[in-house]
file my_file.tsv (TSV, N, CA and C atoms)
chain	number	residue	atom	x	y	z
A	1	CYS	N	83.17	65.89	125.94
A	1	CYS	CA	84.33	66.31	125.19
A	1	CYS	C	85.09	67.34	126.01
A	2	TYR	N	86.31	67.08	126.25
A	2	TYR	CA	87.13	67.97	127.05
A	2	TYR	C	88.23	68.54	126.17
A	3	LYS	N	88.30	69.85	126.08
A	3	LYS	CA	89.31	70.56	125.29
A	3	LYS	C	89.28	70.19	123.81
A	4	LYS	N	88.14	69.75	123.33
A	4	LYS	CA	87.96	69.45	121.91
A	4	LYS	C	86.64	70.05	121.47
A	5	ALA	N	86.54	70.30	120.21
A	5	ALA	CA	85.26	70.77	119.67
A	5	ALA	C	84.31	69.58	119.59
A	6	CYS	N	83.13	69.75	120.12
A	6	CYS	CA	82.14	68.67	120.12
A	6	CYS	C	80.85	69.16	119.50
A	7	THR	N	80.16	68.25	118.89
A	7	THR	CA	78.87	68.57	118.31
A	7	THR	C	77.83	67.67	118.94
A	8	VAL	N	76.75	68.28	119.39
A	8	VAL	CA	75.63	67.53	119.92
A	8	VAL	C	74.43	67.85	119.05
A	9	GLU	N	73.80	66.81	118.54
A	9	GLU	CA	72.64	67.03	117.69
A	9	GLU	C	71.38	66.60	118.42
A	10	PHE	N	70.37	67.44	118.34
A	10	PHE	CA	69.07	67.13	118.90
A	10	PHE	C	68.09	67.00	117.74
A	11	PHE	N	67.15	66.13	117.89
A	11	PHE	CA	66.13	66.01	116.86
A	11	PHE	C	64.77	65.93	117.52
A	12	LYS	N	63.79	66.25	116.74
A	12	LYS	CA	62.42	66.21	117.22
A	12	LYS	C	61.59	65.47	116.20
A	13	TYR	N	60.87	64.45	116.68
A	13	TYR	CA	60.00	63.71	115.77
A	13	TYR	C	58.82	64.58	115.36
A	14	THR	N	58.41	64.46	114.13
A	14	THR	CA	57.19	65.09	113.66
A	14	THR	C	56.23	64.00	113.21
A	15	GLU	N	54.97	64.33	113.19
A	15	GLU	CA	53.97	63.37	112.74
A	15	GLU	C	54.27	62.90	111.33
A	16	ALA	N	54.63	63.84	110.45
A	16	ALA	CA	54.91	63.50	109.06
A	16	ALA	C	56.12	62.56	108.94
A	17	ALA	N	57.18	62.83	109.70
A	17	ALA	CA	58.37	61.98	109.65
A	17	ALA	C	58.08	60.58	110.17
A	18	LEU	N	57.29	60.49	111.23
A	18	LEU	CA	56.94	59.17	111.77
A	18	LEU	C	56.06	58.40	110.79
A	19	ARG	N	55.16	59.10	110.13
A	19	ARG	CA	54.30	58.47	109.14
A	19	ARG	C	55.14	57.96	107.97
A	20	GLN	N	56.15	58.74	107.56
A	20	GLN	CA	57.04	58.32	106.48
A	20	GLN	C	57.80	57.05	106.84
A	21	GLN	N	58.05	56.86	108.12
A	21	GLN	CA	58.76	55.67	108.58
A	21	GLN	C	57.83	54.46	108.70
A	22	GLY	N	56.55	54.68	108.37
A	22	GLY	CA	55.61	53.57	108.34
A	22	GLY	C	54.88	53.28	109.64
A	23	LEU	N	54.94	54.18	110.61
A	23	LEU	CA	54.25	53.93	111.88
A	23	LEU	C	52.75	54.16	111.73
A	24	ARG	N	52.00	53.32	112.42
A	24	ARG	CA	50.53	53.47	112.48
A	24	ARG	C	50.18	54.68	113.35
A	25	GLU	N	48.95	55.16	113.18
A	25	GLU	CA	48.48	56.34	113.92
A	25	GLU	C	48.65	56.19	115.43
A	26	GLU	N	48.28	55.03	115.97
A	26	GLU	CA	48.38	54.83	117.43
A	26	GLU	C	49.83	54.96	117.90
A	27	LEU	N	50.75	54.40	117.13
A	27	LEU	CA	52.16	54.45	117.53
A	27	LEU	C	52.71	55.87	117.41
A	28	ILE	N	52.26	56.59	116.40
A	28	ILE	CA	52.67	57.99	116.25
A	28	ILE	C	52.21	58.80	117.46
A	29	LYS	N	50.97	58.61	117.89
A	29	LYS	CA	50.45	59.32	119.06
A	29	LYS	C	51.31	59.05	120.29
A	30	ILE	N	51.72	57.80	120.46
A	30	ILE	CA	52.52	57.42	121.63
A	30	ILE	C	53.88	58.10	121.60
A	31	VAL	N	54.57	58.03	120.45
A	31	VAL	CA	55.90	58.65	120.34
A	31	VAL	C	55.82	60.15	120.59
A	32	LEU	N	54.83	60.80	120.01
A	32	LEU	CA	54.69	62.25	120.20
A	32	LEU	C	54.37	62.60	121.65
A	33	LEU	N	53.58	61.76	122.32
A	33	LEU	CA	53.29	61.99	123.74
A	33	LEU	C	54.56	61.87	124.58
A	34	VAL	N	55.33	60.82	124.34
A	34	VAL	CA	56.57	60.62	125.11
A	34	VAL	C	57.51	61.79	124.86
A	35	GLN	N	57.60	62.23	123.62
A	35	GLN	CA	58.45	63.37	123.29
A	35	GLN	C	58.00	64.62	124.05
A	36	SER	N	56.71	64.77	124.21
A	36	SER	CA	56.15	65.95	124.86
A	36	SER	C	56.30	65.93	126.37
A	37	VAL	N	56.03	64.77	127.00
A	37	VAL	CA	56.00	64.72	128.47
A	37	VAL	C	57.18	63.98	129.09
A	38	GLY	N	57.99	63.30	128.29
A	38	GLY	CA	59.19	62.66	128.82
A	38	GLY	C	59.12	61.17	129.02
A	39	SER	N	57.95	60.64	129.34
A	39	SER	CA	57.80	59.20	129.52
A	39	SER	C	56.33	58.84	129.43
A	40	VAL	N	56.08	57.53	129.33
A	40	VAL	CA	54.70	57.06	129.24
A	40	VAL	C	54.60	55.70	129.93
A	41	THR	N	53.44	55.43	130.49
A	41	THR	CA	53.16	54.13	131.11
A	41	THR	C	52.13	53.39	130.27
A	42	ASN	N	51.95	52.13	130.57
A	42	ASN	CA	50.96	51.33	129.88
A	42	ASN	C	49.57	51.94	130.05
A	43	SER	N	49.24	52.36	131.26
A	43	SER	CA	47.90	52.92	131.50
A	43	SER	C	47.69	54.22	130.73
A	44	ALA	N	48.75	55.03	130.58
A	44	ALA	CA	48.62	56.26	129.78
A	44	ALA	C	48.36	55.93	128.32
A	45	VAL	N	49.01	54.88	127.82
A	45	VAL	CA	48.79	54.46	126.43
A	45	VAL	C	47.36	53.96	126.27
A	46	GLN	N	46.85	53.25	127.27
A	46	GLN	CA	45.46	52.79	127.22
A	46	GLN	C	44.50	53.97	127.11
A	47	ARG	N	44.73	55.00	127.93
A	47	ARG	CA	43.86	56.18	127.89
A	47	ARG	C	43.99	56.94	126.57
A	48	LEU	N	45.22	57.08	126.09
A	48	LEU	CA	45.48	57.83	124.86
A	48	LEU	C	44.85	57.18	123.64
A	49	THR	N	44.95	55.86	123.56
A	49	THR	CA	44.53	55.16	122.34
A	49	THR	C	43.20	54.43	122.49
A	50	GLY	N	42.71	54.29	123.72
A	50	GLY	CA	41.44	53.60	123.94
A	50	GLY	C	41.51	52.10	123.73
A	51	VAL	N	42.67	51.52	124.05
A	51	VAL	CA	42.86	50.08	123.86
A	51	VAL	C	43.00	49.36	125.20
A	52	SER	N	43.01	48.04	125.15
A	52	SER	CA	43.16	47.21	126.35
A	52	SER	C	44.61	47.24	126.83
A	53	LYS	N	44.81	46.72	128.04
A	53	LYS	CA	46.16	46.65	128.62
A	53	LYS	C	47.09	45.83	127.74
A	54	SER	N	46.61	44.69	127.25
A	54	SER	CA	47.47	43.83	126.43
A	54	SER	C	47.82	44.49	125.10
A	55	THR	N	46.89	45.23	124.51
A	55	THR	CA	47.18	45.92	123.26
A	55	THR	C	48.18	47.05	123.50
A	56	ALA	N	48.01	47.78	124.60
A	56	ALA	CA	48.96	48.84	124.96
A	56	ALA	C	50.36	48.26	125.14
A	57	THR	N	50.44	47.10	125.78
A	57	THR	CA	51.72	46.41	125.96
A	57	THR	C	52.33	46.08	124.60
A	58	ARG	N	51.53	45.58	123.68
A	58	ARG	CA	52.03	45.27	122.33
A	58	ARG	C	52.55	46.52	121.64
A	59	PHE	N	51.81	47.63	121.74
A	59	PHE	CA	52.25	48.89	121.14
A	59	PHE	C	53.61	49.30	121.71
A	60	LEU	N	53.75	49.28	123.03
A	60	LEU	CA	54.99	49.70	123.67
A	60	LEU	C	56.14	48.77	123.31
A	61	ASN	N	55.88	47.48	123.29
A	61	ASN	CA	56.93	46.53	122.90
A	61	ASN	C	57.35	46.72	121.46
A	62	GLU	N	56.39	47.03	120.58
A	62	GLU	CA	56.72	47.27	119.18
A	62	GLU	C	57.60	48.51	119.02
A	63	LEU	N	57.25	49.58	119.73
A	63	LEU	CA	58.07	50.80	119.67
A	63	LEU	C	59.45	50.58	120.26
A	64	ASP	N	59.56	49.72	121.26
A	64	ASP	CA	60.85	49.35	121.83
A	64	ASP	C	61.65	48.56	120.79
A	65	ARG	N	61.02	47.58	120.19
A	65	ARG	CA	61.69	46.74	119.18
A	65	ARG	C	62.15	47.56	117.97
A	66	LEU	N	61.35	48.55	117.58
A	66	LEU	CA	61.68	49.39	116.43
A	66	LEU	C	62.73	50.46	116.75
A	67	GLY	N	63.05	50.61	118.04
A	67	GLY	CA	64.10	51.55	118.43
A	67	GLY	C	63.64	52.96	118.76
A	68	PHE	N	62.34	53.16	118.92
A	68	PHE	CA	61.84	54.49	119.28
A	68	PHE	C	61.84	54.70	120.79
A	69	LEU	N	61.44	53.69	121.53
A	69	LEU	CA	61.34	53.79	122.99
A	69	LEU	C	62.23	52.77	123.66
A	70	GLN	N	62.52	53.03	124.93
A	70	GLN	CA	63.22	52.05	125.76
A	70	GLN	C	62.56	52.00	127.12
A	71	LYS	N	62.56	50.82	127.69
A	71	LYS	CA	61.93	50.60	128.99
A	71	LYS	C	62.79	51.20	130.08
A	72	SER	N	62.14	51.86	131.02
A	72	SER	CA	62.82	52.46	132.15
A	72	SER	C	62.14	51.94	133.42
A	73	GLY	N	62.91	51.39	134.31
A	73	GLY	CA	62.33	50.86	135.54
A	73	GLY	C	62.10	49.37	135.45
A	74	THR	N	61.51	48.83	136.49
A	74	THR	CA	61.29	47.40	136.56
A	74	THR	C	60.03	47.02	135.80
A	75	THR	N	59.93	45.77	135.46
A	75	THR	CA	58.73	45.28	134.78
A	75	THR	C	57.58	45.27	135.76
A	76	GLY	N	56.42	45.68	135.30
A	76	GLY	CA	55.24	45.71	136.15
A	76	GLY	C	54.67	47.10	136.24
A	77	VAL	N	54.02	47.38	137.36
A	77	VAL	CA	53.28	48.63	137.53
A	77	VAL	C	54.18	49.86	137.39
A	78	GLY	N	55.43	49.80	137.83
A	78	GLY	CA	56.31	50.97	137.78
A	78	GLY	C	57.02	51.19	136.47
A	79	THR	N	56.72	50.41	135.46
A	79	THR	CA	57.44	50.52	134.19
A	79	THR	C	57.02	51.76	133.41
A	80	GLU	N	58.01	52.49	132.96
A	80	GLU	CA	57.79	53.64	132.09
A	80	GLU	C	58.63	53.45	130.84
A	81	TYR	N	58.24	54.11	129.80
A	81	TYR	CA	58.99	54.07	128.55
A	81	TYR	C	59.39	55.49	128.21
A	82	VAL	N	60.65	55.65	127.78
A	82	VAL	CA	61.19	56.94	127.39
A	82	VAL	C	61.72	56.83	125.96
A	83	LEU	N	61.99	57.97	125.34
A	83	LEU	CA	62.57	57.94	124.01
A	83	LEU	C	63.94	57.29	124.08
A	84	LYS	N	64.26	56.50	123.09
A	84	LYS	CA	65.56	55.83	123.02
A	84	LYS	C	66.66	56.88	123.03
A	85	GLY	N	67.65	56.67	123.87
A	85	GLY	CA	68.77	57.59	123.95
A	85	GLY	C	68.57	58.77	124.88
A	86	SER	N	67.40	58.82	125.53
A	86	SER	CA	67.19	59.96	126.43
A	86	SER	C	67.52	59.60	127.86

call {"tool": "encode", "arguments": {"input": "my_file.tsv", "output": "structure tokens"}}
result
Amino acid sequence: CYKKACTVEFFKYTEAALRQQGLREELIKIVLLVQSVGSVTNSAVQRLTGVSKSTATRFLNELDRLGFLQKSGTTGVGTEYVLKGS
């Protein structure tokens, strides 16, 4: 905004708010981790939740589809996920 009044709103996810939106515990953990550290990889999700690579992929794809995360980088080993809009 140039020479106009602009408003920028920031929000922070909370566990309670994410639970109210119907997210499962594993997905809540992932969103809160990304919010805390900036991005997450499939292997980090595997370590965080104790699931297989394919299950971690499903979790990340679900959060992408629901609009919480977006893919950053190329598909494969270098793929990271960040909060949508960041």

call {"tool": "closest_atom_pairs", "arguments": {"input": "my_file.tsv", "of": "stretch 7-48 of chain A", "to": "stretch 76-85 of chain A", "cutoff": "6.5 Å", "atoms": "all atoms listed in the file", "output": "tab-separated table"}}
result
residue	atom	partner	partner_atom	distance
A:Val34	C	A:Leu83	N	5.9
A:Gln35	N	A:Leu83	N	6.4
A:Gly38	C	A:Val82	CA	5.0
A:Ser39	CA	A:Tyr81	C	4.2
A:Val40	C	A:Tyr81	N	4.0
A:Thr41	CA	A:Glu80	CA	4.8
A:Asn42	N	A:Thr79	C	5.8

call {"tool": "select_by_dssp", "arguments": {"input": "my_file.tsv", "residues": "chain A", "states": "alpha helix (DSSP H)", "output": "PyMOL selection string"}}
result
chain A and resi 15-20+25-37+42-49+53-65

call {"tool": "closest_residue", "arguments": {"input": "my_file.tsv", "among": "A:Gln70, A:Ile30, A:Asp64, A:Gln20", "to": "A:Leu48", "atoms": "only C-alpha atoms"}}
result
A:Ile30

call {"tool": "select_by_dssp", "arguments": {"input": "my_file.tsv", "residues": "stretch 45-79 of chain A", "states": "strand (DSSP E)", "output": "ChimeraX atom specification"}}
result
/A:69-72

call {"tool": "closest_residue", "arguments": {"input": "my_file.tsv", "among": "A:Thr74, A:Arg19, A:Gln46, A:Thr14", "to": "A:Leu60", "atoms": "only C-alpha atoms"}}
result
A:Gln46

call {"tool": "atom_distance", "arguments": {"input": "my_file.tsv", "atom1": "atom CA of A:Val45", "atom2": "atom C of A:Glu15"}}
result
18.1 Å

call {"tool": "axis_aligned_box", "arguments": {"input": "my_file.tsv", "around": "stretch 69-74 of chain A", "padding_each_side": "5 Å", "output": "JSON"}}
result
{"center_x": 61.6, "center_y": 50.4, "center_z": 129.0, "size_x": 13.2, "size_y": 16.8, "size_z": 25.0}

call {"tool": "atom_distance", "arguments": {"input": "my_file.tsv", "atom1": "atom CA of A:Gly22", "atom2": "atom CA of A:Arg58"}}
result
16.7 Å

call {"tool": "build_atoms", "arguments": {"input": "my_file.tsv", "residues": "stretch 18-29 of chain A", "atoms": "all heavy atoms", "output": "mmCIF file, keeping the file's coordinate frame"}}
result
data_model
loop_
_atom_site.group_PDB
_atom_site.id
_atom_site.type_symbol
_atom_site.label_atom_id
_atom_site.label_comp_id
_atom_site.auth_asym_id
_atom_site.auth_seq_id
_atom_site.Cartn_x
_atom_site.Cartn_y
_atom_site.Cartn_z
ATOM 1 N N LEU A 18 57.290 60.490 111.230
ATOM 2 C CA LEU A 18 56.940 59.170 111.770
ATOM 3 C C LEU A 18 56.060 58.400 110.790
ATOM 4 O O LEU A 18 56.202 57.192 110.620
ATOM 5 C CB LEU A 18 56.254 59.324 113.124
ATOM 6 C CG LEU A 18 57.155 59.862 114.247
ATOM 7 C CD1 LEU A 18 56.324 60.232 115.466
ATOM 8 C CD2 LEU A 18 58.225 58.851 114.609
ATOM 9 N N ARG A 19 55.160 59.100 110.130
ATOM 10 C CA ARG A 19 54.300 58.470 109.140
ATOM 11 C C ARG A 19 55.140 57.960 107.970
ATOM 12 O O ARG A 19 54.920 56.866 107.459
ATOM 13 C CB ARG A 19 53.230 59.455 108.657
ATOM 14 C CG ARG A 19 52.169 58.814 107.809
ATOM 15 C CD ARG A 19 50.998 59.725 107.524
ATOM 16 N NE ARG A 19 50.154 59.825 108.727
ATOM 17 C CZ ARG A 19 49.936 60.941 109.409
ATOM 18 N NH1 ARG A 19 50.468 62.080 109.025
ATOM 19 N NH2 ARG A 19 49.184 60.937 110.478
ATOM 20 N N GLN A 20 56.150 58.740 107.560
ATOM 21 C CA GLN A 20 57.040 58.320 106.480
ATOM 22 C C GLN A 20 57.800 57.050 106.840
ATOM 23 O O GLN A 20 58.140 56.267 105.966
ATOM 24 C CB GLN A 20 58.059 59.416 106.164
ATOM 25 C CG GLN A 20 57.616 60.373 105.110
ATOM 26 C CD GLN A 20 58.748 61.321 104.739
ATOM 27 O OE1 GLN A 20 59.621 61.641 105.555
ATOM 28 N NE2 GLN A 20 58.737 61.774 103.505
ATOM 29 N N GLN A 21 58.050 56.860 108.120
ATOM 30 C CA GLN A 21 58.760 55.670 108.580
ATOM 31 C C GLN A 21 57.830 54.460 108.700
ATOM 32 O O GLN A 21 58.241 53.393 109.101
ATOM 33 C CB GLN A 21 59.460 55.938 109.909
ATOM 34 C CG GLN A 21 60.596 56.932 109.762
ATOM 35 C CD GLN A 21 61.365 57.102 111.041
ATOM 36 O OE1 GLN A 21 61.614 56.151 111.772
ATOM 37 N NE2 GLN A 21 61.762 58.325 111.333
ATOM 38 N N GLY A 22 56.550 54.680 108.370
ATOM 39 C CA GLY A 22 55.610 53.570 108.340
ATOM 40 C C GLY A 22 54.880 53.280 109.640
ATOM 41 O O GLY A 22 54.247 52.229 109.757
ATOM 42 N N LEU A 23 54.940 54.180 110.610
ATOM 43 C CA LEU A 23 54.250 53.930 111.880
ATOM 44 C C LEU A 23 52.750 54.160 111.730
ATOM 45 O O LEU A 23 52.310 55.071 111.037
ATOM 46 C CB LEU A 23 54.781 54.854 112.973
ATOM 47 C CG LEU A 23 56.174 54.577 113.513
ATOM 48 C CD1 LEU A 23 56.466 55.485 114.689
ATOM 49 C CD2 LEU A 23 56.351 53.139 113.911
ATOM 50 N N ARG A 24 52.000 53.320 112.420
ATOM 51 C CA ARG A 24 50.530 53.470 112.480
ATOM 52 C C ARG A 24 50.180 54.680 113.350
ATOM 53 O O ARG A 24 50.960 55.122 114.179
ATOM 54 C CB ARG A 24 49.888 52.223 113.095
ATOM 55 C CG ARG A 24 50.137 50.957 112.332
ATOM 56 C CD ARG A 24 49.310 49.791 112.870
ATOM 57 N NE ARG A 24 49.416 49.544 114.289
ATOM 58 C CZ ARG A 24 50.411 48.889 114.880
ATOM 59 N NH1 ARG A 24 51.413 48.433 114.169
ATOM 60 N NH2 ARG A 24 50.410 48.671 116.179
ATOM 61 N N GLU A 25 48.950 55.160 113.180
ATOM 62 C CA GLU A 25 48.480 56.340 113.920
ATOM 63 C C GLU A 25 48.650 56.190 115.430
ATOM 64 O O GLU A 25 49.073 57.127 116.108
ATOM 65 C CB GLU A 25 47.016 56.641 113.586
ATOM 66 C CG GLU A 25 46.806 57.208 112.207
ATOM 67 C CD GLU A 25 47.558 58.510 111.949
ATOM 68 O OE1 GLU A 25 47.525 59.405 112.818
ATOM 69 O OE2 GLU A 25 48.181 58.621 110.889
ATOM 70 N N GLU A 26 48.280 55.030 115.970
ATOM 71 C CA GLU A 26 48.380 54.830 117.430
ATOM 72 C C GLU A 26 49.830 54.960 117.900
ATOM 73 O O GLU A 26 50.093 55.549 118.949
ATOM 74 C CB GLU A 26 47.849 53.444 117.836
ATOM 75 C CG GLU A 26 46.398 53.213 117.534
ATOM 76 C CD GLU A 26 46.164 52.632 116.140
ATOM 77 O OE1 GLU A 26 47.132 52.487 115.357
ATOM 78 O OE2 GLU A 26 45.008 52.329 115.840
ATOM 79 N N LEU A 27 50.750 54.400 117.130
ATOM 80 C CA LEU A 27 52.160 54.450 117.530
ATOM 81 C C LEU A 27 52.710 55.870 117.410
ATOM 82 O O LEU A 27 53.511 56.302 118.238
ATOM 83 C CB LEU A 27 52.981 53.478 116.679
ATOM 84 C CG LEU A 27 52.566 52.012 116.765
ATOM 85 C CD1 LEU A 27 53.507 51.139 115.943
ATOM 86 C CD2 LEU A 27 52.491 51.515 118.197
ATOM 87 N N ILE A 28 52.260 56.590 116.400
ATOM 88 C CA ILE A 28 52.670 57.990 116.250
ATOM 89 C C ILE A 28 52.210 58.800 117.460
ATOM 90 O O ILE A 28 52.995 59.573 118.032
ATOM 91 C CB ILE A 28 52.091 58.590 114.944
ATOM 92 C CG1 ILE A 28 52.768 57.954 113.734
ATOM 93 C CG2 ILE A 28 52.262 60.108 114.926
ATOM 94 C CD1 ILE A 28 52.130 58.299 112.398
ATOM 95 N N LYS A 29 50.970 58.610 117.890
ATOM 96 C CA LYS A 29 50.450 59.320 119.060
ATOM 97 C C LYS A 29 51.310 59.050 120.290
ATOM 98 O O LYS A 29 51.593 59.959 121.079
ATOM 99 C CB LYS A 29 49.024 58.885 119.366
ATOM 100 C CG LYS A 29 47.993 59.398 118.415
ATOM 101 C CD LYS A 29 46.622 58.873 118.828
ATOM 102 C CE LYS A 29 45.536 59.260 117.866
ATOM 103 N NZ LYS A 29 44.221 58.735 118.276
#
